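Asker: Submitted below is the structure of interest, expressed as structure tokens.
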Amino acid sequence: MSARLKLTISYAGVIVVSGALLLAVVWVFLLRYVPDNVITPGPGFYRQRGPGPPFIPNRFDLWHAFAPRAAQALAFLLLLGLVGGWLLAGRMLAPLTRIADAARQAADGSLSHRIRLEGPRDEFRELADVFDTMLERLESHVAEQQRFAANASHELRTPLAISQTLLDVARNDPTRNRDELIERLQSVNTRAIDLTEALLLLSRSDRRNFTREPVDLSLAAEEAAETLLPLAEKRQVTLEVTGERARTVGSPELILRMVMNLVQNAIVHNLPDGGGVTVHTAARPDASVVRVENTGPPLPPELIPTLTEPFQRGTRRIRTDEHAGVGLGLAIVHSIVRAHDGTLDLAPRPAGGLVVTVRLPGTRQDPSPTGAQQPVREPSPVV
């Protein structure tokens, strides 16, 4: 049976049972006190009213008069319960029908439909609003994945097209320098490998299929700074690490990659000469924080929200050397932070540059200054 029919039968059953109880009350508290035998008036009644004996109904007479009317009343209540219950159940279940229609359209691939249920904020309204919110997020996620797939296909097609062009040129020009061709092919192939590894890392962090272990953000910051110090010296950028121990729980490899991406981006997208990068870690009562601040050219506020999107390099962010990345640095950072239930905040510096603040769920800090520290891990390749 459908839910509407079940509710109809339930409504009718409640009405009939209530009517039967009322009739039972009449029988128990009224008719039971009427004598069951023939009732005759006393001698004084004849002297006052005349010689004819009056008719005084007993319990049997009253029951025969009461039972047919009670049965008719119960039949009317049953009919009223069925008809009224059917109409009332249909009206009550109408929001569920709209929600089911929206779910059916979403299953067919139409995610733009919204229920937008009117009326008071009851359980059905709350369910419809939650369903609309789910559809909105799902539509946004699908659009983001489609855009990412299109950008990734374009980025992967570029090195393959360059390799094909180089091979065609070499085949049509046998006198071309072979060493130069091999070097250029190696550079293009390295970039394709870096892009593929970045895409795999991004996919892994989105799936959250990693083992969670205790991690100290201060150690990750020191390791990232030590690994990227030659790049900072090459670009004449001052690199400084400050702060205190900030412990969290997560993947040591992913968190190290997150910090290294932040530091590398801060070094690469900096002033041409005399720039600076500061990495600061802190332990808050409810979070462990790592903040990376760098000098650089001024960034317009409307550009900041787009920096975490895949293949977005910002103003004048072009690939001019081997350290410029593949456009997934902050996208990977955002994915890792989200996978660890943290928050990522980007803010432009008034004097130019960027301040990136990552907050991850903290753990209890060890007050002992001689507490055991995590061993330094081997640095991972930076994207």
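Residue names in the structure tokens use chain letters A, B, ... in the order shown, residue numbers from 1 in each chain, and ligand numbers from 1 in the order shown.
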Going by DSSP on the backbone, which residues of segment 10-184 of chain A come out as alpha helix (DSSP H)? List them as a PyMOL selection string.
Answerer: chain A and resi 10-29+43-49+59-107+123-172+178-184
Asker: Please identify every residue of segment 157-235 of chain A that has at least one atom no farther than 12 Å from an atom of segment 130-151 of chain A, counting only C-alpha atoms, and for each give the shortest atom pair and the distance in Å to one decimal, arranged by chain then increasing number, as a tab-separated table.
Answerer:
```
residue	atom	partner	partner_atom	distance
A:Arg157	CA	A:Asn151	CA	9.8
A:Thr158	CA	A:Asn151	CA	10.8
A:Leu195	CA	A:Asn151	CA	11.7
A:Leu199	CA	A:Phe148	CA	10.1
A:Leu202	CA	A:Phe148	CA	11.1
A:Ser203	CA	A:Gln145	CA	11.0
A:Asp206	CA	A:Gln145	CA	11.5
```
Asker: Expressed in Å to a single decimal, how great is the separation between atom CA of Val358 of chain A and atom CA of Val289 of chain A?
Answerer: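 It comes out at 5.6 Å.
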Asker: Write out as a ChimeraX atom specification the residues lying within 7 Å of segment 238-246 of chain A, counting only C-alpha atoms and excluding same-chain residues fewer than 2 positions away.
Answerer: /A:216-218,222,232,236,248,275-283,288-289
Asker: Put those residues in a file: all heavy atoms, as a short mmCIF file (atom, residue, chain, number, x, y, z; two decimals), in the first residue's frame.
Answerer:
```
data_model
loop_
_atom_site.label_atom_id
_atom_site.label_comp_id
_atom_site.auth_asym_id
_atom_site.auth_seq_id
_atom_site.Cartn_x
_atom_site.Cartn_y
_atom_site.Cartn_z
N ASP A 216 53.81 17.49 13.54
CA ASP A 216 54.19 18.79 14.10
C ASP A 216 54.40 19.75 12.94
O ASP A 216 55.30 19.56 12.11
CB ASP A 216 55.47 18.66 14.93
CG ASP A 216 55.76 19.93 15.72
OD1 ASP A 216 55.11 20.96 15.46
OD2 ASP A 216 56.66 19.90 16.58
N LEU A 217 53.57 20.79 12.87
CA LEU A 217 53.68 21.74 11.76
C LEU A 217 55.00 22.50 11.79
O LEU A 217 55.51 22.90 10.73
CB LEU A 217 52.50 22.72 11.82
CG LEU A 217 51.10 22.13 11.58
CD1 LEU A 217 50.05 23.23 11.68
CD2 LEU A 217 51.04 21.45 10.23
N SER A 218 55.57 22.70 12.96
CA SER A 218 56.84 23.43 13.03
C SER A 218 57.96 22.62 12.37
O SER A 218 58.82 23.18 11.67
CB SER A 218 57.19 23.73 14.48
OG SER A 218 57.38 22.54 15.23
N GLU A 222 60.15 23.73 9.09
CA GLU A 222 61.62 23.73 9.05
C GLU A 222 62.14 22.86 7.91
O GLU A 222 63.11 23.24 7.22
CB GLU A 222 62.16 23.22 10.39
CG GLU A 222 61.90 24.17 11.55
CD GLU A 222 62.37 23.59 12.87
OE1 GLU A 222 62.90 22.45 12.85
OE2 GLU A 222 62.19 24.25 13.91
N ALA A 232 65.46 29.85 -2.66
CA ALA A 232 65.34 31.20 -2.12
C ALA A 232 66.64 31.99 -2.33
O ALA A 232 66.60 33.17 -2.67
CB ALA A 232 64.98 31.13 -0.64
N GLN A 236 67.32 35.39 -4.44
CA GLN A 236 67.65 36.47 -3.51
C GLN A 236 66.45 36.83 -2.63
O GLN A 236 66.11 38.00 -2.43
CB GLN A 236 68.15 37.70 -4.27
CG GLN A 236 69.40 37.44 -5.09
CD GLN A 236 69.88 38.68 -5.82
OE1 GLN A 236 69.26 39.74 -5.75
NE2 GLN A 236 71.00 38.54 -6.52
N THR A 248 49.13 18.50 15.08
CA THR A 248 47.85 18.12 14.51
C THR A 248 47.91 16.64 14.18
O THR A 248 48.92 15.97 14.44
CB THR A 248 47.52 18.96 13.26
OG1 THR A 248 46.21 18.64 12.81
CG2 THR A 248 48.51 18.69 12.15
N GLY A 275 63.29 40.24 -1.90
CA GLY A 275 62.03 39.83 -1.31
C GLY A 275 62.23 39.04 -0.03
O GLY A 275 63.36 38.70 0.37
N GLY A 276 61.12 38.73 0.64
CA GLY A 276 61.19 37.99 1.87
C GLY A 276 60.00 37.06 2.04
O GLY A 276 58.91 37.34 1.54
N VAL A 277 60.25 35.97 2.75
CA VAL A 277 59.20 34.99 3.06
C VAL A 277 59.32 34.65 4.54
O VAL A 277 60.43 34.34 5.03
CB VAL A 277 59.32 33.72 2.20
CG1 VAL A 277 58.29 32.67 2.66
CG2 VAL A 277 59.14 34.04 0.73
N THR A 278 58.20 34.69 5.25
CA THR A 278 58.16 34.34 6.67
C THR A 278 57.17 33.21 6.87
O THR A 278 56.01 33.31 6.46
CB THR A 278 57.75 35.55 7.52
OG1 THR A 278 58.68 36.62 7.30
CG2 THR A 278 57.75 35.18 9.00
N VAL A 279 57.65 32.15 7.52
CA VAL A 279 56.80 31.01 7.86
C VAL A 279 56.67 30.98 9.37
O VAL A 279 57.68 30.88 10.08
CB VAL A 279 57.38 29.69 7.33
CG1 VAL A 279 56.42 28.54 7.62
CG2 VAL A 279 57.68 29.78 5.84
N HIS A 280 55.44 31.06 9.86
CA HIS A 280 55.20 31.12 11.31
C HIS A 280 54.20 30.04 11.69
O HIS A 280 53.16 29.86 11.05
CB HIS A 280 54.65 32.49 11.70
CG HIS A 280 54.40 32.64 13.17
ND1 HIS A 280 55.40 32.86 14.08
CD2 HIS A 280 53.24 32.59 13.88
CE1 HIS A 280 54.88 32.95 15.29
NE2 HIS A 280 53.57 32.78 15.19
N THR A 281 54.52 29.31 12.74
CA THR A 281 53.61 28.28 13.27
C THR A 281 53.19 28.67 14.69
O THR A 281 53.97 29.26 15.44
CB THR A 281 54.28 26.90 13.29
OG1 THR A 281 55.46 26.95 14.10
CG2 THR A 281 54.64 26.46 11.88
N ALA A 282 51.97 28.31 15.04
CA ALA A 282 51.44 28.65 16.36
C ALA A 282 50.41 27.61 16.77
O ALA A 282 49.76 26.99 15.93
CB ALA A 282 50.81 30.05 16.34
N ALA A 283 50.31 27.45 18.07
CA ALA A 283 49.33 26.52 18.65
C ALA A 283 48.25 27.33 19.34
O ALA A 283 48.53 28.08 20.27
CB ALA A 283 50.01 25.57 19.64
N SER A 288 45.82 24.29 15.24
CA SER A 288 47.25 24.49 14.98
C SER A 288 47.38 25.28 13.69
O SER A 288 46.74 24.95 12.69
CB SER A 288 47.97 23.14 14.86
OG SER A 288 47.94 22.45 16.09
N VAL A 289 48.18 26.33 13.71
CA VAL A 289 48.18 27.31 12.63
C VAL A 289 49.57 27.37 12.02
O VAL A 289 50.59 27.34 12.73
CB VAL A 289 47.77 28.71 13.14
CG1 VAL A 289 47.77 29.72 12.01
CG2 VAL A 289 46.42 28.65 13.82
#
```
Asker: At what distance in Å, to one decimal, does atom CA of Thr357 of chain A lie from atom CA of Asp345 of chain A?
Answerer: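 Distance between the two atoms: 5.1 Å.
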Asker: In Å, with one decimal, what is the gap from atom CA of Arg191 of chain A to atom CA of Ala152 of chain A?
Answerer: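 Result for atom CA of Arg191 of chain A versus atom CA of Ala152 of chain A: 13.1 Å, one decimal.
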Asker: Measuring between only C-alpha atoms, which one of A:Thr308, A:Asp36, A:Arg359, A:Gly352 shows the shortest distance to Ala331 of chain A?
Answerer: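 Closest to Ala331 of chain A, using only C-alpha atoms: A:Thr308.
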Asker: Neighbouring residues of Val237 of chain A were defined as those with any atom within 12 Å, considering only C-alpha atoms; residues of the same chain fewer than 3 positions away were excluded. Please report them as a PDB file with N, CA and C atoms, in the first residue's frame.
Answerer:
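As written to disk, result35.pdb reads:
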```
ATOM      1  N   ALA A 225      61.557  24.701   4.599  1.00  0.00           N
ATOM      2  CA  ALA A 225      62.492  25.812   4.439  1.00  0.00           C
ATOM      3  C   ALA A 225      63.895  25.302   4.099  1.00  0.00           C
ATOM      4  N   LEU A 228      63.911  24.153   0.406  1.00  0.00           N
ATOM      5  CA  LEU A 228      63.752  25.220  -0.584  1.00  0.00           C
ATOM      6  C   LEU A 228      64.717  26.378  -0.368  1.00  0.00           C
ATOM      7  N   LEU A 229      65.642  26.245   0.563  1.00  0.00           N
ATOM      8  CA  LEU A 229      66.608  27.322   0.789  1.00  0.00           C
ATOM      9  C   LEU A 229      67.442  27.623  -0.450  1.00  0.00           C
ATOM     10  N   PRO A 230      67.935  26.619  -1.206  1.00  0.00           N
ATOM     11  CA  PRO A 230      68.691  26.955  -2.431  1.00  0.00           C
ATOM     12  C   PRO A 230      67.864  27.761  -3.422  1.00  0.00           C
ATOM     13  N   LEU A 231      66.585  27.459  -3.571  1.00  0.00           N
ATOM     14  CA  LEU A 231      65.735  28.238  -4.476  1.00  0.00           C
ATOM     15  C   LEU A 231      65.600  29.664  -3.973  1.00  0.00           C
ATOM     16  N   ALA A 232      65.456  29.850  -2.664  1.00  0.00           N
ATOM     17  CA  ALA A 232      65.341  31.200  -2.120  1.00  0.00           C
ATOM     18  C   ALA A 232      66.640  31.987  -2.330  1.00  0.00           C
ATOM     19  N   GLU A 233      67.785  31.339  -2.115  1.00  0.00           N
ATOM     20  CA  GLU A 233      69.066  32.027  -2.334  1.00  0.00           C
ATOM     21  C   GLU A 233      69.262  32.375  -3.802  1.00  0.00           C
ATOM     22  N   LYS A 234      68.823  31.499  -4.687  1.00  0.00           N
ATOM     23  CA  LYS A 234      68.950  31.773  -6.117  1.00  0.00           C
ATOM     24  C   LYS A 234      68.133  32.990  -6.514  1.00  0.00           C
ATOM     25  N   GLU A 240      62.611  32.932   6.384  1.00  0.00           N
ATOM     26  CA  GLU A 240      62.671  32.902   7.848  1.00  0.00           C
ATOM     27  C   GLU A 240      61.547  32.029   8.392  1.00  0.00           C
ATOM     28  N   VAL A 263      55.417  27.467   0.708  1.00  0.00           N
ATOM     29  CA  VAL A 263      56.710  28.148   0.747  1.00  0.00           C
ATOM     30  C   VAL A 263      57.239  28.362  -0.666  1.00  0.00           C
ATOM     31  N   GLN A 264      57.106  27.372  -1.533  1.00  0.00           N
ATOM     32  CA  GLN A 264      57.597  27.524  -2.900  1.00  0.00           C
ATOM     33  C   GLN A 264      56.843  28.626  -3.642  1.00  0.00           C
ATOM     34  N   ALA A 266      55.416  31.156  -2.295  1.00  0.00           N
ATOM     35  CA  ALA A 266      55.830  32.436  -1.718  1.00  0.00           C
ATOM     36  C   ALA A 266      57.186  32.873  -2.254  1.00  0.00           C
ATOM     37  N   ILE A 267      58.075  31.929  -2.536  1.00  0.00           N
ATOM     38  CA  ILE A 267      59.392  32.273  -3.075  1.00  0.00           C
ATOM     39  C   ILE A 267      59.299  32.663  -4.546  1.00  0.00           C
ATOM     40  N   VAL A 268      58.565  31.862  -5.327  1.00  0.00           N
ATOM     41  CA  VAL A 268      58.508  32.083  -6.774  1.00  0.00           C
ATOM     42  C   VAL A 268      57.758  33.363  -7.102  1.00  0.00           C
ATOM     43  N   HIS A 269      56.630  33.597  -6.456  1.00  0.00           N
ATOM     44  CA  HIS A 269      55.811  34.773  -6.746  1.00  0.00           C
ATOM     45  C   HIS A 269      56.168  35.867  -5.745  1.00  0.00           C
ATOM     46  N   ASN A 270      57.346  36.405  -5.907  1.00  0.00           N
ATOM     47  CA  ASN A 270      57.886  37.395  -4.980  1.00  0.00           C
ATOM     48  C   ASN A 270      58.485  38.544  -5.774  1.00  0.00           C
ATOM     49  N   LEU A 271      59.141  39.447  -5.074  1.00  0.00           N
ATOM     50  CA  LEU A 271      59.803  40.558  -5.735  1.00  0.00           C
ATOM     51  C   LEU A 271      61.003  40.059  -6.529  1.00  0.00           C
ATOM     52  N   PRO A 272      61.375  40.740  -7.614  1.00  0.00           N
ATOM     53  CA  PRO A 272      62.533  40.301  -8.384  1.00  0.00           C
ATOM     54  C   PRO A 272      63.831  40.336  -7.591  1.00  0.00           C
ATOM     55  N   ASP A 273      63.916  41.214  -6.612  1.00  0.00           N
ATOM     56  CA  ASP A 273      65.157  41.340  -5.850  1.00  0.00           C
ATOM     57  C   ASP A 273      64.815  41.840  -4.449  1.00  0.00           C
ATOM     58  N   GLY A 274      65.413  41.190  -3.448  1.00  0.00           N
ATOM     59  CA  GLY A 274      65.247  41.656  -2.082  1.00  0.00           C
ATOM     60  C   GLY A 274      63.920  41.298  -1.456  1.00  0.00           C
ATOM     61  N   GLY A 275      63.294  40.239  -1.901  1.00  0.00           N
ATOM     62  CA  GLY A 275      62.026  39.833  -1.314  1.00  0.00           C
ATOM     63  C   GLY A 275      62.228  39.040  -0.031  1.00  0.00           C
ATOM     64  N   GLY A 276      61.121  38.731   0.635  1.00  0.00           N
ATOM     65  CA  GLY A 276      61.192  37.985   1.873  1.00  0.00           C
ATOM     66  C   GLY A 276      60.002  37.061   2.039  1.00  0.00           C
ATOM     67  N   VAL A 277      60.249  35.966   2.755  1.00  0.00           N
ATOM     68  CA  VAL A 277      59.200  34.991   3.064  1.00  0.00           C
ATOM     69  C   VAL A 277      59.323  34.645   4.541  1.00  0.00           C
ATOM     70  N   THR A 278      58.196  34.688   5.247  1.00  0.00           N
ATOM     71  CA  THR A 278      58.164  34.344   6.669  1.00  0.00           C
ATOM     72  C   THR A 278      57.171  33.208   6.871  1.00  0.00           C
ATOM     73  N   ASN A 294      54.582  36.549   2.324  1.00  0.00           N
ATOM     74  CA  ASN A 294      55.652  36.912   1.398  1.00  0.00           C
ATOM     75  C   ASN A 294      55.423  38.304   0.831  1.00  0.00           C
ATOM     76  N   THR A 295      56.518  38.924   0.462  1.00  0.00           N
ATOM     77  CA  THR A 295      56.440  40.185  -0.255  1.00  0.00           C
ATOM     78  C   THR A 295      56.157  39.893  -1.721  1.00  0.00           C
ATOM     79  N   GLY A 296      55.833  40.932  -2.460  1.00  0.00           N
ATOM     80  CA  GLY A 296      55.538  40.749  -3.869  1.00  0.00           C
ATOM     81  C   GLY A 296      54.736  41.907  -4.415  1.00  0.00           C
TER      82      GLY A 296
END
```
Asker: Tell me, which residues of segment 135-306 of chain A carry DSSP strand (DSSP E or B), written as a PyMOL selection string?
Answerer: chain A and resi 213-216+237-243+247-250+275-283+287-294
